[in-house]
Amino acid sequence: METYNVEIEGMTLYYFNKPWKGAVPKSKKKKEEAARASVYVDEDGHCYIPWQQIKGCIKQATSLAKMKIERSNKRAIELITAALWVMPEALVLLPERELDGTELFWHDLLTEQGKLIEVCYSRTNSWSLKFQLEFSLIEPDFVRDALEFGGMYCGIGGRRQDKNGRFELVTWEPLSKETKEKP
């Protein structure tokens, strides 16, 4: 089992994308509520990003770049699913910020069916994350390459098709066995 300390730094806006389950808001107050509801907030009131976004970014990068482990791209994605863990589960945005530190906004969006709806979002400009990646059965260079490629071309969060949520890898350090065993 390999463990690496990782730090990524955002190069573009990060759009929070916690699903909004209400009706399309009409009033300004309801739009603000919908935008606030799109932010992941932990029990301490800090904005965070779920670990699944990092793992999903690595899997998407593997697929886009046709990176292979053994014989097939499908096998690479299966190995990432089974043998890669992101810790902690809630990745607190750095610098730490409260919900009030995010920008709330809304805009019109044309759906595939040609229907005009209003979408509410929260976003933040400067951000970074520190977390650990733990994996087995996969080479460290493969994981690093997939993370770097994902940061350049896939991103995390909402509105990724507009090139948002892009990041660069700042730190990639193996965690020593002595450090791992200490409480």
# chains A, B, ... in the order shown; residues from 1 in each chain; ligands from 1
$ select_by_dssp --residues "chain A" --states "helix (DSSP H, G or I)" --output "ChimeraX atom specification"
/A:28-37,51-64,73-83,99-101,140-153,160-162,177-181
$ closest_atom_pairs --of "stretch 74-163 of chain A" --to "stretch 34-48 of chain A" --cutoff "6 Å" --atoms "only C-alpha atoms" --output "Markdown table"
| residue | atom | partner | partner_atom | distance |
| --- | --- | --- | --- | --- |
| A:Ala90 | CA | A:Tyr48 | CA | 5.9 |
| A:Leu91 | CA | A:Tyr48 | CA | 5.2 |
| A:Val92 | CA | A:Tyr48 | CA | 4.1 |
| A:Leu93 | CA | A:Tyr48 | CA | 5.3 |
| A:Arg97 | CA | A:His46 | CA | 5.6 |
| A:Glu98 | CA | A:His46 | CA | 4.8 |
| A:Leu104 | CA | A:Ala35 | CA | 5.7 |
| A:Cys120 | CA | A:Ala35 | CA | 4.7 |
| A:Tyr121 | CA | A:Ala35 | CA | 4.5 |
| A:Ser122 | CA | A:Ala35 | CA | 5.3 |
$ residues_around --residues "stretch 4-10 of chain A" --least-positions-apart "5" --cutoff "6 Å" --atoms "only C-alpha atoms" --output "list in words"
Trp127, Ser128, Leu129, Lys130, Phe131, Gln132, Leu133, Arg166, Phe167, Glu168, Leu169, Val170, Thr171, Trp172, Glu173, Pro174 and Leu175 of chain A
$ closest_residue --among "A:Glu2, A:Glu89, A:Asp141, A:Asp100" --to "A:Ser176" --atoms "only C-alpha atoms"
A:Glu2
$ residues_around --residues "A:Leu79" --least-positions-apart "2" --cutoff "12 Å" --atoms "only C-alpha atoms" --output "VMD selection string"
chain A and resid 55 58 to 59 62 68 to 70 72 to 77 81 to 85 135 to 139 142 to 143
$ select_by_dssp --residues "stretch 29-168 of chain A" --states "strand (DSSP E)" --output "number ranges by chain"
A: 48-50, 84-87, 90-92, 103-110, 116-124, 128-135, 167-168
$ write_last_selection --atoms "N, CA and C atoms" --output "mmCIF file, in the first residue's frame"
data_model
loop_
_atom_site.group_PDB
_atom_site.id
_atom_site.type_symbol
_atom_site.label_atom_id
_atom_site.label_comp_id
_atom_site.auth_asym_id
_atom_site.auth_seq_id
_atom_site.Cartn_x
_atom_site.Cartn_y
_atom_site.Cartn_z
ATOM 1 N N TYR A 48 -16.307 22.587 1.671
ATOM 2 C CA TYR A 48 -15.445 21.461 1.316
ATOM 3 C C TYR A 48 -15.835 20.888 -0.043
ATOM 4 N N ILE A 49 -14.961 20.016 -0.526
ATOM 5 C CA ILE A 49 -15.171 19.302 -1.778
ATOM 6 C C ILE A 49 -15.191 17.814 -1.449
ATOM 7 N N PRO A 50 -16.183 17.059 -1.916
ATOM 8 C CA PRO A 50 -16.219 15.620 -1.629
ATOM 9 C C PRO A 50 -15.079 14.875 -2.323
ATOM 10 N N LEU A 84 -7.852 2.699 -5.102
ATOM 11 C CA LEU A 84 -7.388 4.053 -4.822
ATOM 12 C C LEU A 84 -8.375 4.712 -3.857
ATOM 13 N N TRP A 85 -7.818 5.302 -2.789
ATOM 14 C CA TRP A 85 -8.637 5.971 -1.782
ATOM 15 C C TRP A 85 -8.136 7.392 -1.601
ATOM 16 N N VAL A 86 -9.084 8.307 -1.415
ATOM 17 C CA VAL A 86 -8.777 9.717 -1.156
ATOM 18 C C VAL A 86 -9.179 9.990 0.284
ATOM 19 N N MET A 87 -8.263 10.590 1.057
ATOM 20 C CA MET A 87 -8.541 10.884 2.466
ATOM 21 C C MET A 87 -8.152 12.323 2.772
ATOM 22 N N ALA A 90 -14.000 14.578 3.344
ATOM 23 C CA ALA A 90 -14.383 15.965 3.082
ATOM 24 C C ALA A 90 -13.106 16.785 2.956
ATOM 25 N N LEU A 91 -12.805 17.269 1.765
ATOM 26 C CA LEU A 91 -11.584 18.014 1.505
ATOM 27 C C LEU A 91 -11.870 19.499 1.679
ATOM 28 N N VAL A 92 -11.454 20.048 2.811
ATOM 29 C CA VAL A 92 -11.744 21.444 3.133
ATOM 30 C C VAL A 92 -10.955 22.357 2.211
ATOM 31 N N GLU A 103 -19.041 33.211 -3.745
ATOM 32 C CA GLU A 103 -19.816 34.150 -4.560
ATOM 33 C C GLU A 103 -21.098 33.455 -5.010
ATOM 34 N N LEU A 104 -22.232 34.084 -4.779
ATOM 35 C CA LEU A 104 -23.518 33.532 -5.186
ATOM 36 C C LEU A 104 -23.959 34.212 -6.475
ATOM 37 N N PHE A 105 -24.476 33.444 -7.432
ATOM 38 C CA PHE A 105 -24.971 34.049 -8.661
ATOM 39 C C PHE A 105 -25.921 33.093 -9.357
ATOM 40 N N TRP A 106 -26.605 33.569 -10.358
ATOM 41 C CA TRP A 106 -27.514 32.758 -11.154
ATOM 42 C C TRP A 106 -27.493 33.273 -12.577
ATOM 43 N N HIS A 107 -27.833 32.398 -13.490
ATOM 44 C CA HIS A 107 -27.863 32.772 -14.903
ATOM 45 C C HIS A 107 -28.840 31.872 -15.643
ATOM 46 N N ASP A 108 -29.209 32.273 -16.827
ATOM 47 C CA ASP A 108 -30.113 31.476 -17.649
ATOM 48 C C ASP A 108 -29.340 30.367 -18.345
ATOM 49 N N LEU A 109 -29.999 29.246 -18.525
ATOM 50 C CA LEU A 109 -29.385 28.099 -19.174
ATOM 51 C C LEU A 109 -30.407 27.494 -20.121
ATOM 52 N N LEU A 110 -30.000 27.201 -21.346
ATOM 53 C CA LEU A 110 -30.885 26.566 -22.317
ATOM 54 C C LEU A 110 -30.640 25.069 -22.260
ATOM 55 N N LEU A 116 -35.759 27.150 -21.388
ATOM 56 C CA LEU A 116 -34.914 28.110 -20.685
ATOM 57 C C LEU A 116 -35.172 27.992 -19.191
ATOM 58 N N ILE A 117 -34.131 27.690 -18.418
ATOM 59 C CA ILE A 117 -34.269 27.623 -16.961
ATOM 60 C C ILE A 117 -33.192 28.507 -16.336
ATOM 61 N N GLU A 118 -33.372 28.799 -15.072
ATOM 62 C CA GLU A 118 -32.378 29.593 -14.368
ATOM 63 C C GLU A 118 -31.604 28.658 -13.444
ATOM 64 N N VAL A 119 -30.289 28.760 -13.459
ATOM 65 C CA VAL A 119 -29.435 27.910 -12.650
ATOM 66 C C VAL A 119 -28.742 28.779 -11.606
ATOM 67 N N CYS A 120 -28.728 28.308 -10.371
ATOM 68 C CA CYS A 120 -28.092 29.050 -9.281
ATOM 69 C C CYS A 120 -26.824 28.312 -8.866
ATOM 70 N N TYR A 121 -25.751 29.059 -8.661
ATOM 71 C CA TYR A 121 -24.472 28.473 -8.283
ATOM 72 C C TYR A 121 -23.798 29.297 -7.212
ATOM 73 N N SER A 122 -22.852 28.668 -6.555
ATOM 74 C CA SER A 122 -21.878 29.365 -5.732
ATOM 75 C C SER A 122 -20.524 29.001 -6.308
ATOM 76 N N ARG A 123 -19.587 29.929 -6.234
ATOM 77 C CA ARG A 123 -18.262 29.636 -6.766
ATOM 78 C C ARG A 123 -17.219 30.354 -5.930
ATOM 79 N N THR A 124 -15.989 29.932 -6.077
ATOM 80 C CA THR A 124 -14.885 30.584 -5.399
ATOM 81 C C THR A 124 -13.728 30.709 -6.363
ATOM 82 N N SER A 128 -7.320 25.857 -2.972
ATOM 83 C CA SER A 128 -6.384 24.741 -3.021
ATOM 84 C C SER A 128 -6.882 23.659 -2.076
ATOM 85 N N LEU A 129 -6.342 22.465 -2.231
ATOM 86 C CA LEU A 129 -6.721 21.322 -1.406
ATOM 87 C C LEU A 129 -5.473 20.558 -1.001
ATOM 88 N N LYS A 130 -5.484 20.038 0.221
ATOM 89 C CA LYS A 130 -4.447 19.111 0.681
ATOM 90 C C LYS A 130 -5.151 17.830 1.089
ATOM 91 N N PHE A 131 -4.620 16.705 0.614
ATOM 92 C CA PHE A 131 -5.226 15.419 0.939
ATOM 93 C C PHE A 131 -4.196 14.317 0.749
ATOM 94 N N GLN A 132 -4.594 13.088 1.064
ATOM 95 C CA GLN A 132 -3.732 11.938 0.865
ATOM 96 C C GLN A 132 -4.375 10.986 -0.130
ATOM 97 N N LEU A 133 -3.551 10.414 -0.966
ATOM 98 C CA LEU A 133 -3.978 9.345 -1.857
ATOM 99 C C LEU A 133 -3.320 8.056 -1.373
ATOM 100 N N GLU A 134 -4.129 7.041 -1.181
ATOM 101 C CA GLU A 134 -3.614 5.732 -0.778
ATOM 102 C C GLU A 134 -4.030 4.745 -1.854
ATOM 103 N N PHE A 135 -3.085 3.947 -2.336
ATOM 104 C CA PHE A 135 -3.407 3.029 -3.418
ATOM 105 C C PHE A 135 -2.518 1.806 -3.377
ATOM 106 N N PHE A 167 -6.907 22.537 -12.169
ATOM 107 C CA PHE A 167 -5.930 22.709 -11.097
ATOM 108 C C PHE A 167 -4.573 22.196 -11.549
ATOM 109 N N GLU A 168 -3.555 22.554 -10.762
ATOM 110 C CA GLU A 168 -2.221 21.998 -11.013
ATOM 111 C C GLU A 168 -1.738 21.304 -9.752
#
$ atom_distance --atom1 "atom CA of A:Lys31" --atom2 "atom CA of A:Pro95"
26.2 Å
$ atom_distance --atom1 "atom CA of A:Met1" --atom2 "atom CA of A:Gly56"
20.5 Å
$ atom_distance --atom1 "atom CA of A:Gly165" --atom2 "atom CA of A:Leu64"
16.7 Å
$ decode --residues "stretch 16-29 of chain A" --atoms "C-alpha atoms" --output "PDB file, in the first residue's frame"
ATOM      1  CA  PHE A  16     -19.896  24.048  -6.161  1.00  0.00           C
ATOM      2  CA  ASN A  17     -22.319  21.472  -7.503  1.00  0.00           C
ATOM      3  CA  LYS A  18     -24.247  19.946  -4.623  1.00  0.00           C
ATOM      4  CA  PRO A  19     -27.558  18.969  -6.243  1.00  0.00           C
ATOM      5  CA  TRP A  20     -30.451  21.389  -5.744  1.00  0.00           C
ATOM      6  CA  LYS A  21     -33.670  19.492  -5.120  1.00  0.00           C
ATOM      7  CA  GLY A  22     -36.154  22.383  -5.107  1.00  0.00           C
ATOM      8  CA  ALA A  23     -38.206  23.980  -7.840  1.00  0.00           C
ATOM      9  CA  VAL A  24     -36.623  26.539 -10.158  1.00  0.00           C
ATOM     10  CA  PRO A  25     -36.445  29.672  -7.976  1.00  0.00           C
ATOM     11  CA  LYS A  26     -38.223  32.847  -9.072  1.00  0.00           C
ATOM     12  CA  SER A  27     -37.499  35.456  -6.385  1.00  0.00           C
ATOM     13  CA  LYS A  28     -34.063  36.884  -5.574  1.00  0.00           C
ATOM     14  CA  LYS A  29     -34.262  35.428  -2.047  1.00  0.00           C
TER      15      LYS A  29
END
